[in-house]
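Data block for start_7.pdb (PDB, C-alpha atoms, pLDDT in the B column):
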```pdb
ATOM      1  CA  MET G 487     123.224  96.069 117.312  1.00 36.00           C
ATOM      2  CA  GLU G 488     125.517  94.881 114.560  1.00 43.00           C
ATOM      3  CA  PRO G 489     124.292  91.634 113.026  1.00 44.00           C
ATOM      4  CA  GLY G 490     126.719  88.735 112.842  1.00 51.00           C
ATOM      5  CA  HIS G 491     126.913  86.535 109.775  1.00 57.00           C
ATOM      6  CA  ALA G 492     124.691  83.874 111.397  1.00 64.00           C
ATOM      7  CA  GLU G 493     122.001  86.513 111.892  1.00 88.00           C
ATOM      8  CA  VAL G 494     121.945  87.513 108.209  1.00 94.00           C
ATOM      9  CA  GLN G 495     120.307  85.603 105.373  1.00 95.00           C
ATOM     10  CA  VAL G 496     121.070  86.371 101.723  1.00 97.00           C
ATOM     11  CA  ARG G 497     118.566  85.384  99.056  1.00 97.00           C
ATOM     12  CA  PRO G 498     117.293  86.546  95.673  1.00 98.00           C
ATOM     13  CA  GLY G 499     115.161  89.680  95.827  1.00 97.00           C
ATOM     14  CA  ASN G 500     111.435  89.540  95.167  1.00 97.00           C
ATOM     15  CA  GLU G 501     108.429  91.847  94.870  1.00 96.00           C
ATOM     16  CA  GLY G 502     107.813  91.621  98.607  1.00 97.00           C
ATOM     17  CA  ASP G 503     111.097  93.528  99.084  1.00 97.00           C
ATOM     18  CA  LEU G 504     110.084  96.460  96.888  1.00 98.00           C
ATOM     19  CA  VAL G 505     109.112  98.976  99.578  1.00 98.00           C
ATOM     20  CA  ALA G 506     112.123  98.223 101.798  1.00 98.00           C
ATOM     21  CA  LEU G 507     114.552  98.308  98.844  1.00 98.00           C
ATOM     22  CA  THR G 508     113.075 101.598  97.661  1.00 98.00           C
ATOM     23  CA  ASP G 509     113.369 103.103 101.139  1.00 98.00           C
ATOM     24  CA  LEU G 510     116.987 101.935 101.412  1.00 98.00           C
ATOM     25  CA  TYR G 511     117.928 103.313  98.010  1.00 98.00           C
ATOM     26  CA  ASN G 512     116.138 106.596  98.698  1.00 98.00           C
ATOM     27  CA  HIS G 513     118.312 107.106 101.779  1.00 98.00           C
ATOM     28  CA  TYR G 514     121.345 107.128  99.484  1.00 98.00           C
ATOM     29  CA  VAL G 515     119.568 109.366  96.966  1.00 98.00           C
ATOM     30  CA  ARG G 516     118.712 111.961  99.637  1.00 98.00           C
ATOM     31  CA  GLU G 517     121.790 111.782 101.860  1.00 97.00           C
ATOM     32  CA  THR G 518     124.831 110.776  99.806  1.00 97.00           C
ATOM     33  CA  ALA G 519     126.613 111.044  96.494  1.00 97.00           C
ATOM     34  CA  VAL G 520     127.109 107.287  96.104  1.00 96.00           C
ATOM     35  CA  THR G 521     124.257 107.409  93.593  1.00 97.00           C
ATOM     36  CA  PHE G 522     123.767 110.243  91.173  1.00 98.00           C
ATOM     37  CA  ASP G 523     119.992 109.967  91.285  1.00 98.00           C
ATOM     38  CA  THR G 524     118.768 113.201  92.834  1.00 98.00           C
ATOM     39  CA  THR G 525     115.038 112.614  93.328  1.00 98.00           C
ATOM     40  CA  PRO G 526     113.683 109.840  95.582  1.00 98.00           C
ATOM     41  CA  PHE G 527     111.590 107.107  93.962  1.00 98.00           C
ATOM     42  CA  THR G 528     108.187 105.715  94.804  1.00 98.00           C
ATOM     43  CA  PRO G 529     107.947 101.932  94.961  1.00 98.00           C
ATOM     44  CA  ALA G 530     105.906 102.013  91.735  1.00 98.00           C
ATOM     45  CA  GLU G 531     108.702 103.915  89.980  1.00 98.00           C
ATOM     46  CA  ARG G 532     111.288 101.456  91.285  1.00 98.00           C
ATOM     47  CA  ARG G 533     109.302  98.329  90.337  1.00 97.00           C
ATOM     48  CA  PRO G 534     110.693  98.063  86.745  1.00 97.00           C
ATOM     49  CA  TRP G 535     114.223  98.016  88.205  1.00 97.00           C
ATOM     50  CA  LEU G 536     113.261  95.202  90.580  1.00 97.00           C
ATOM     51  CA  LEU G 537     111.597  93.203  87.795  1.00 96.00           C
ATOM     52  CA  SER G 538     114.687  93.571  85.594  1.00 96.00           C
ATOM     53  CA  HIS G 539     116.527  91.299  88.064  1.00 96.00           C
ATOM     54  CA  PRO G 540     115.072  87.770  87.796  1.00 94.00           C
ATOM     55  CA  VAL G 541     116.212  84.853  89.975  1.00 92.00           C
ATOM     56  CA  ASP G 542     118.373  83.526  87.130  1.00 94.00           C
ATOM     57  CA  GLY G 543     120.436  84.992  84.333  1.00 96.00           C
ATOM     58  CA  PRO G 544     123.172  87.621  84.375  1.00 97.00           C
ATOM     59  CA  HIS G 545     121.133  90.401  86.004  1.00 98.00           C
ATOM     60  CA  ARG G 546     120.573  89.401  89.609  1.00 98.00           C
ATOM     61  CA  LEU G 547     119.398  90.988  92.817  1.00 98.00           C
ATOM     62  CA  MET G 548     120.553  89.545  96.133  1.00 98.00           C
ATOM     63  CA  VAL G 549     118.978  90.810  99.353  1.00 98.00           C
ATOM     64  CA  ALA G 550     120.378  90.505 102.876  1.00 97.00           C
ATOM     65  CA  THR G 551     117.772  90.213 105.611  1.00 96.00           C
ATOM     66  CA  ALA G 552     117.932  89.911 109.372  1.00 94.00           C
ATOM     67  CA  ALA G 553     117.185  86.330 110.412  1.00 89.00           C
ATOM     68  CA  GLY G 554     113.910  86.225 112.273  1.00 87.00           C
ATOM     69  CA  SER G 555     112.565  89.694 111.495  1.00 91.00           C
ATOM     70  CA  GLY G 556     113.228  89.602 107.756  1.00 92.00           C
ATOM     71  CA  ARG G 557     114.243  93.286 107.842  1.00 95.00           C
ATOM     72  CA  VAL G 558     116.165  94.237 104.687  1.00 97.00           C
ATOM     73  CA  LEU G 559     119.782  95.038 105.599  1.00 97.00           C
ATOM     74  CA  GLY G 560     121.105  95.622 102.095  1.00 97.00           C
ATOM     75  CA  TYR G 561     121.263  94.421  98.537  1.00 98.00           C
ATOM     76  CA  ALA G 562     123.685  93.755  95.700  1.00 98.00           C
ATOM     77  CA  SER G 563     122.811  93.666  92.037  1.00 98.00           C
ATOM     78  CA  SER G 564     124.245  93.072  88.617  1.00 98.00           C
ATOM     79  CA  SER G 565     122.757  95.059  85.761  1.00 97.00           C
ATOM     80  CA  PRO G 566     123.540  95.591  82.087  1.00 97.00           C
ATOM     81  CA  PHE G 567     126.815  97.448  81.676  1.00 97.00           C
ATOM     82  CA  ARG G 568     125.649  99.183  78.489  1.00 95.00           C
ATOM     83  CA  ALA G 569     122.637  98.667  76.221  1.00 93.00           C
ATOM     84  CA  LYS G 570     124.488  97.644  73.040  1.00 97.00           C
ATOM     85  CA  PRO G 571     124.565  93.902  72.238  1.00 97.00           C
ATOM     86  CA  ALA G 572     128.364  93.532  72.256  1.00 97.00           C
ATOM     87  CA  TYR G 573     128.341  94.428  75.978  1.00 97.00           C
ATOM     88  CA  ALA G 574     126.033  91.513  76.890  1.00 97.00           C
ATOM     89  CA  THR G 575     128.796  89.554  78.650  1.00 98.00           C
ATOM     90  CA  SER G 576     129.623  92.492  80.932  1.00 98.00           C
ATOM     91  CA  VAL G 577     127.654  93.634  83.968  1.00 98.00           C
ATOM     92  CA  GLU G 578     127.750  96.591  86.314  1.00 98.00           C
ATOM     93  CA  THR G 579     127.555  95.632  89.972  1.00 98.00           C
ATOM     94  CA  THR G 580     126.542  97.601  93.022  1.00 97.00           C
ATOM     95  CA  VAL G 581     125.981  97.161  96.757  1.00 97.00           C
ATOM     96  CA  TYR G 582     123.844  99.186  99.155  1.00 97.00           C
ATOM     97  CA  VAL G 583     123.788  98.480 102.900  1.00 96.00           C
ATOM     98  CA  ALA G 584     121.286  99.958 105.341  1.00 95.00           C
ATOM     99  CA  PRO G 585     123.027 102.759 107.243  1.00 92.00           C
ATOM    100  CA  ASP G 586     121.943 101.542 110.681  1.00 86.00           C
ATOM    101  CA  THR G 587     123.405  98.026 110.431  1.00 80.00           C
ATOM    102  CA  GLY G 588     126.969  98.737 111.450  1.00 71.00           C
ATOM    103  CA  ARG G 589     127.685  97.573 107.873  1.00 62.00           C
ATOM    104  CA  ARG G 590     130.497  95.220 108.804  1.00 74.00           C
ATOM    105  CA  GLY G 591     130.348  92.125 106.674  1.00 92.00           C
ATOM    106  CA  ILE G 592     126.982  92.621 105.009  1.00 96.00           C
ATOM    107  CA  GLY G 593     128.458  93.983 101.772  1.00 96.00           C
ATOM    108  CA  THR G 594     130.861  91.034 101.705  1.00 97.00           C
ATOM    109  CA  LEU G 595     128.029  88.517 102.190  1.00 97.00           C
ATOM    110  CA  LEU G 596     126.011  90.180  99.457  1.00 98.00           C
ATOM    111  CA  TYR G 597     128.831  90.311  96.940  1.00 98.00           C
ATOM    112  CA  GLN G 598     129.822  86.703  97.675  1.00 98.00           C
ATOM    113  CA  ALA G 599     126.248  85.562  97.016  1.00 98.00           C
ATOM    114  CA  LEU G 600     126.014  87.687  93.877  1.00 98.00           C
ATOM    115  CA  PHE G 601     129.261  86.407  92.365  1.00 98.00           C
ATOM    116  CA  ASP G 602     128.389  82.819  93.291  1.00 98.00           C
ATOM    117  CA  ALA G 603     125.065  83.258  91.466  1.00 97.00           C
ATOM    118  CA  LEU G 604     126.811  84.728  88.414  1.00 98.00           C
ATOM    119  CA  ALA G 605     129.510  82.033  88.200  1.00 96.00           C
ATOM    120  CA  ASP G 606     127.768  79.962  85.502  1.00 95.00           C
ATOM    121  CA  GLU G 607     126.170  82.778  83.506  1.00 97.00           C
ATOM    122  CA  GLY G 608     128.841  83.067  80.802  1.00 96.00           C
ATOM    123  CA  LEU G 609     129.867  86.560  81.826  1.00 98.00           C
ATOM    124  CA  HIS G 610     133.300  87.972  81.036  1.00 98.00           C
ATOM    125  CA  ARG G 611     133.662  91.112  83.186  1.00 98.00           C
ATOM    126  CA  ALA G 612     132.022  93.008  86.019  1.00 98.00           C
ATOM    127  CA  TYR G 613     132.413  96.763  86.385  1.00 98.00           C
ATOM    128  CA  ALA G 614     131.760  98.999  89.357  1.00 98.00           C
ATOM    129  CA  GLY G 615     131.742 102.766  89.572  1.00 98.00           C
ATOM    130  CA  VAL G 616     132.600 104.159  93.011  1.00 98.00           C
ATOM    131  CA  ALA G 617     131.846 107.837  93.687  1.00 98.00           C
ATOM    132  CA  GLN G 618     134.858 109.375  95.406  1.00 98.00           C
ATOM    133  CA  PRO G 619     135.812 109.504  98.151  1.00 96.00           C
ATOM    134  CA  ASN G 620     134.542 106.125  99.388  1.00 96.00           C
ATOM    135  CA  ALA G 621     137.354 104.081 100.910  1.00 95.00           C
ATOM    136  CA  ALA G 622     135.021 101.405 102.300  1.00 93.00           C
ATOM    137  CA  SER G 623     133.527 100.650  98.881  1.00 95.00           C
ATOM    138  CA  THR G 624     136.953 100.670  97.247  1.00 97.00           C
ATOM    139  CA  ARG G 625     138.210  98.148  99.833  1.00 96.00           C
ATOM    140  CA  LEU G 626     135.168  95.919  99.289  1.00 96.00           C
ATOM    141  CA  HIS G 627     135.692  95.872  95.537  1.00 97.00           C
ATOM    142  CA  GLU G 628     139.420  95.181  95.885  1.00 97.00           C
ATOM    143  CA  ARG G 629     138.636  92.295  98.271  1.00 96.00           C
ATOM    144  CA  PHE G 630     136.586  90.720  95.475  1.00 98.00           C
ATOM    145  CA  GLY G 631     139.336  91.043  92.887  1.00 98.00           C
ATOM    146  CA  PHE G 632     138.265  94.262  91.216  1.00 98.00           C
ATOM    147  CA  ARG G 633     141.136  96.362  89.955  1.00 98.00           C
ATOM    148  CA  TYR G 634     141.156 100.090  89.413  1.00 98.00           C
ATOM    149  CA  VAL G 635     141.007 101.075  85.741  1.00 98.00           C
ATOM    150  CA  GLY G 636     140.462 104.842  85.786  1.00 98.00           C
ATOM    151  CA  THR G 637     138.557 107.823  87.082  1.00 98.00           C
ATOM    152  CA  TYR G 638     135.940 109.974  85.430  1.00 98.00           C
ATOM    153  CA  ARG G 639     136.725 113.404  86.885  1.00 98.00           C
ATOM    154  CA  GLU G 640     133.861 115.640  87.991  1.00 98.00           C
ATOM    155  CA  VAL G 641     131.372 113.461  86.128  1.00 98.00           C
ATOM    156  CA  GLY G 642     128.478 113.985  88.558  1.00 97.00           C
ATOM    157  CA  HIS G 643     127.048 117.136  90.106  1.00 98.00           C
ATOM    158  CA  LYS G 644     125.058 116.708  93.313  1.00 98.00           C
ATOM    159  CA  PHE G 645     124.651 118.707  96.529  1.00 98.00           C
ATOM    160  CA  GLY G 646     126.204 121.744  94.871  1.00 97.00           C
ATOM    161  CA  ARG G 647     129.535 120.128  94.044  1.00 98.00           C
ATOM    162  CA  TRP G 648     131.279 117.922  91.501  1.00 98.00           C
ATOM    163  CA  TRP G 649     132.055 114.255  92.169  1.00 98.00           C
ATOM    164  CA  ASP G 650     134.594 111.897  90.606  1.00 98.00           C
ATOM    165  CA  VAL G 651     133.819 108.233  89.901  1.00 98.00           C
ATOM    166  CA  ALA G 652     136.583 105.646  90.073  1.00 98.00           C
ATOM    167  CA  TRP G 653     135.959 102.637  87.838  1.00 98.00           C
ATOM    168  CA  HIS G 654     136.969  99.107  88.726  1.00 98.00           C
ATOM    169  CA  GLU G 655     136.751  95.870  86.768  1.00 98.00           C
ATOM    170  CA  LYS G 656     136.740  92.204  87.701  1.00 98.00           C
ATOM    171  CA  GLU G 657     137.317  89.201  85.509  1.00 97.00           C
ATOM    172  CA  LEU G 658     134.489  86.679  85.806  1.00 96.00           C
TER     173      LEU G 658
END
```
Written as structure tokens, that's how I'd like the structure from this file.
Amino acid sequence: MEPGHAEVQVRPGNEGDLVALTDLYNHYVRETAVTFDTTPFTPAERRPWLLSHPVDGPHRLMVATAAGSGRVLGYASSSPFRAKPAYATSVETTVYVAPDTGRRGIGTLLYQALFDALADEGLHRAYAGVAQPNAASTRLHERFGFRYVGTYREVGHKFGRWWDVAWHEKEL
């Protein structure tokens, strides 16, 4: 059954979410080209990623859960865009939604919560790379004011083929 907005809670991620977040991400690692990771993670391997997203600051993790059961339905995060200091006011954002949710609206709720949380963090730009083709992700990013800035052609190789990544940016 597709959850309605009233049945979904969005909150900062925490260590109690680690196994569910790892399982969700591993689905995309194993089954899709939306991430270019090729080997599934253990929760222990994924823990540093989770810990790099505190409840405040520019690098956040927002988790959508089903009201009542607490089942993780998806997450959105902001992470460093690049490691060099001059990039500190830019973040890379991403959204992953559990494949069995019907998806409708969860990505929107997650991104809204993420950008609300980032509003007072002194950030200048958000960037998102969308492996192509992925019309649903492109629409989500456009809905939040991202604009297309270019495509890296055949930048990733997974499942025996090459994948393009379209880059989008949003003023914060």
### Task
Report as a PyMOL selection string the residues that result from applying the PyMOL selection byres ((chain G and resi 583-593) around 6) to the structure here.
chain G and resi 488+559-560+582+594-596
### Message
I'd like the contact shell of Gly615 in chain G - 7 Å cut-off, all atoms listed in the file, skipping same-chain residues fewer than 2 positions apart - returned as a ChimeraX atom specification.
### Response
/G:613,617,651-654
Can you build me a table of range 548-631 of chain G residues sitting at most 9 Å from range 515-525 of chain G, with the closest atom pair per residue and its distance in Å to one decimal, using all atoms listed in the file, sorted by chain and residue number, as JSON lines?
```
{"residue": "G:Val616", "atom": "CA", "partner": "G:Val520", "partner_atom": "CA", "distance": 7.0}
{"residue": "G:Ala617", "atom": "CA", "partner": "G:Val520", "partner_atom": "CA", "distance": 5.3}
{"residue": "G:Gln618", "atom": "CA", "partner": "G:Val520", "partner_atom": "CA", "distance": 8.1}
{"residue": "G:Asn620", "atom": "CA", "partner": "G:Val520", "partner_atom": "CA", "distance": 8.2}
```
### Arg533 in chain G environment, 12 Å, all atoms listed in the file, sequence neighbours closer than 4 positions dropped, as JSON, numbers by chain
{"G": [499, 500, 501, 502, 503, 504, 505, 506, 507, 508, 527, 528, 529, 537, 538, 539]}
### Message
What's the separation between CA of Val541 in chain G and CA of Val577 in chain G, in Å to one decimal place?
### Response
15.6 Å
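Relative to CA of Leu604 in chain G, CA of Thr575 in chain G is found at 11.1 Å.
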Reference answer for the PyMOL selection byres ((chain G and resi 496) around 10), as a PDB file with C-alpha atoms, keeping the file's coordinate frame:
```
ATOM      1  CA  HIS G 491     126.913  86.535 109.775  1.00 57.00           C
ATOM      2  CA  VAL G 494     121.945  87.513 108.209  1.00 94.00           C
ATOM      3  CA  GLN G 495     120.307  85.603 105.373  1.00 95.00           C
ATOM      4  CA  ARG G 497     118.566  85.384  99.056  1.00 97.00           C
ATOM      5  CA  PRO G 498     117.293  86.546  95.673  1.00 98.00           C
ATOM      6  CA  GLY G 499     115.161  89.680  95.827  1.00 97.00           C
ATOM      7  CA  MET G 548     120.553  89.545  96.133  1.00 98.00           C
ATOM      8  CA  VAL G 549     118.978  90.810  99.353  1.00 98.00           C
ATOM      9  CA  ALA G 550     120.378  90.505 102.876  1.00 97.00           C
ATOM     10  CA  THR G 551     117.772  90.213 105.611  1.00 96.00           C
ATOM     11  CA  ALA G 552     117.932  89.911 109.372  1.00 94.00           C
ATOM     12  CA  ALA G 553     117.185  86.330 110.412  1.00 89.00           C
ATOM     13  CA  VAL G 558     116.165  94.237 104.687  1.00 97.00           C
ATOM     14  CA  LEU G 559     119.782  95.038 105.599  1.00 97.00           C
ATOM     15  CA  GLY G 560     121.105  95.622 102.095  1.00 97.00           C
ATOM     16  CA  TYR G 561     121.263  94.421  98.537  1.00 98.00           C
ATOM     17  CA  ALA G 562     123.685  93.755  95.700  1.00 98.00           C
ATOM     18  CA  ILE G 592     126.982  92.621 105.009  1.00 96.00           C
ATOM     19  CA  LEU G 595     128.029  88.517 102.190  1.00 97.00           C
ATOM     20  CA  LEU G 596     126.011  90.180  99.457  1.00 98.00           C
ATOM     21  CA  TYR G 597     128.831  90.311  96.940  1.00 98.00           C
ATOM     22  CA  GLN G 598     129.822  86.703  97.675  1.00 98.00           C
ATOM     23  CA  ALA G 599     126.248  85.562  97.016  1.00 98.00           C
ATOM     24  CA  LEU G 600     126.014  87.687  93.877  1.00 98.00           C
TER      25      LEU G 600
END
```
### Query
So how far away is CA of Thr624 in chain G from CA of Pro544 in chain G, in Å?
22.9 Å
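Look at range 563-572 of chain G: the protein and nucleic acid residues within 6 Å of it, using only C-alpha atoms and passing over chain neighbours fewer than 2 places away, are His545, Arg546, Leu547, Ala574, Ser576, Val577, Glu578, Thr579 and Thr580 of chain G.
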Output for the residues just chosen: C-alpha atoms as a compact mmCIF listing (two decimals), keeping the file's coordinate frame:
```txt
# COMPACT_ATOMS: atom_id res chain seq x y z
CA HIS G 545 121.13 90.40 86.00
CA ARG G 546 120.57 89.40 89.61
CA LEU G 547 119.40 90.99 92.82
CA ALA G 574 126.03 91.51 76.89
CA SER G 576 129.62 92.49 80.93
CA VAL G 577 127.65 93.63 83.97
CA GLU G 578 127.75 96.59 86.31
CA THR G 579 127.56 95.63 89.97
CA THR G 580 126.54 97.60 93.02
```
Could the centre and edge lengths of an axis-aligned box, enclosing all atoms of range 569-572 of chain G in the file with 5 Å extra on each side, be given in Å to one decimal as AutoDock Vina command-line options?
```
--center_x 125.5 --center_y 96.1 --center_z 74.2 --size_x 15.7 --size_y 15.1 --size_z 14.0
```
Output requested as a PDB file, in the frame of the given file - range 570-586 of chain G, filled out with N, CA, C and O atoms.
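Result saved to part_31.pdb:
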```
ATOM      1  N   LYS G 570     124.157  98.222  74.345  1.00 97.00           N
ATOM      2  CA  LYS G 570     124.488  97.644  73.040  1.00 97.00           C
ATOM      3  C   LYS G 570     124.812  96.157  73.164  1.00 97.00           C
ATOM      4  O   LYS G 570     125.402  95.710  74.149  1.00 97.00           O
ATOM      5  N   PRO G 571     124.441  95.356  72.152  1.00 97.00           N
ATOM      6  CA  PRO G 571     124.565  93.902  72.238  1.00 97.00           C
ATOM      7  C   PRO G 571     125.977  93.378  72.537  1.00 97.00           C
ATOM      8  O   PRO G 571     126.122  92.366  73.230  1.00 97.00           O
ATOM      9  N   ALA G 572     127.005  94.036  72.034  1.00 97.00           N
ATOM     10  CA  ALA G 572     128.364  93.532  72.256  1.00 97.00           C
ATOM     11  C   ALA G 572     128.784  93.602  73.723  1.00 97.00           C
ATOM     12  O   ALA G 572     129.762  92.971  74.116  1.00 97.00           O
ATOM     13  N   TYR G 573     128.042  94.333  74.550  1.00 97.00           N
ATOM     14  CA  TYR G 573     128.341  94.428  75.978  1.00 97.00           C
ATOM     15  C   TYR G 573     127.612  93.362  76.801  1.00 97.00           C
ATOM     16  O   TYR G 573     127.705  93.370  78.029  1.00 97.00           O
ATOM     17  N   ALA G 574     126.905  92.454  76.174  1.00 97.00           N
ATOM     18  CA  ALA G 574     126.033  91.513  76.890  1.00 97.00           C
ATOM     19  C   ALA G 574     126.773  90.629  77.894  1.00 97.00           C
ATOM     20  O   ALA G 574     126.157  90.152  78.850  1.00 97.00           O
ATOM     21  N   THR G 575     128.060  90.408  77.708  1.00 98.00           N
ATOM     22  CA  THR G 575     128.796  89.554  78.650  1.00 98.00           C
ATOM     23  C   THR G 575     129.482  90.366  79.752  1.00 98.00           C
ATOM     24  O   THR G 575     130.316  89.837  80.489  1.00 98.00           O
ATOM     25  N   SER G 576     129.120  91.629  79.862  1.00 98.00           N
ATOM     26  CA  SER G 576     129.623  92.492  80.932  1.00 98.00           C
ATOM     27  C   SER G 576     128.448  92.970  81.772  1.00 98.00           C
ATOM     28  O   SER G 576     127.358  93.199  81.253  1.00 98.00           O
ATOM     29  N   VAL G 577     128.682  93.109  83.070  1.00 98.00           N
ATOM     30  CA  VAL G 577     127.654  93.634  83.968  1.00 98.00           C
ATOM     31  C   VAL G 577     128.245  94.732  84.833  1.00 98.00           C
ATOM     32  O   VAL G 577     129.460  94.789  85.043  1.00 98.00           O
ATOM     33  N   GLU G 578     127.368  95.607  85.314  1.00 98.00           N
ATOM     34  CA  GLU G 578     127.750  96.591  86.314  1.00 98.00           C
ATOM     35  C   GLU G 578     127.174  96.106  87.644  1.00 98.00           C
ATOM     36  O   GLU G 578     126.016  95.717  87.716  1.00 98.00           O
ATOM     37  N   THR G 579     128.001  96.109  88.670  1.00 98.00           N
ATOM     38  CA  THR G 579     127.555  95.632  89.972  1.00 98.00           C
ATOM     39  C   THR G 579     127.500  96.776  90.967  1.00 98.00           C
ATOM     40  O   THR G 579     128.196  97.786  90.812  1.00 98.00           O
ATOM     41  N   THR G 580     126.678  96.596  91.984  1.00 97.00           N
ATOM     42  CA  THR G 580     126.542  97.601  93.022  1.00 97.00           C
ATOM     43  C   THR G 580     126.085  96.954  94.315  1.00 97.00           C
ATOM     44  O   THR G 580     125.479  95.890  94.299  1.00 97.00           O
ATOM     45  N   VAL G 581     126.388  97.614  95.419  1.00 97.00           N
ATOM     46  CA  VAL G 581     125.981  97.161  96.757  1.00 97.00           C
ATOM     47  C   VAL G 581     125.480  98.363  97.543  1.00 97.00           C
ATOM     48  O   VAL G 581     126.112  99.419  97.522  1.00 97.00           O
ATOM     49  N   TYR G 582     124.369  98.181  98.228  1.00 97.00           N
ATOM     50  CA  TYR G 582     123.844  99.186  99.155  1.00 97.00           C
ATOM     51  C   TYR G 582     123.522  98.490 100.470  1.00 97.00           C
ATOM     52  O   TYR G 582     122.839  97.466 100.473  1.00 97.00           O
ATOM     53  N   VAL G 583     124.013  99.047 101.576  1.00 96.00           N
ATOM     54  CA  VAL G 583     123.788  98.480 102.900  1.00 96.00           C
ATOM     55  C   VAL G 583     123.051  99.514 103.742  1.00 96.00           C
ATOM     56  O   VAL G 583     123.389 100.702 103.719  1.00 96.00           O
ATOM     57  N   ALA G 584     122.050  99.050 104.484  1.00 95.00           N
ATOM     58  CA  ALA G 584     121.286  99.958 105.341  1.00 95.00           C
ATOM     59  C   ALA G 584     122.233 100.674 106.292  1.00 95.00           C
ATOM     60  O   ALA G 584     123.128 100.048 106.873  1.00 95.00           O
ATOM     61  N   PRO G 585     122.063 101.981 106.464  1.00 92.00           N
ATOM     62  CA  PRO G 585     123.027 102.759 107.243  1.00 92.00           C
ATOM     63  C   PRO G 585     123.049 102.429 108.740  1.00 92.00           C
ATOM     64  O   PRO G 585     124.034 102.706 109.405  1.00 92.00           O
ATOM     65  N   ASP G 586     122.011 101.813 109.243  1.00 86.00           N
ATOM     66  CA  ASP G 586     121.943 101.542 110.681  1.00 86.00           C
ATOM     67  C   ASP G 586     122.335 100.113 111.056  1.00 86.00           C
ATOM     68  O   ASP G 586     122.027  99.641 112.138  1.00 86.00           O
TER      69      ASP G 586
END
```
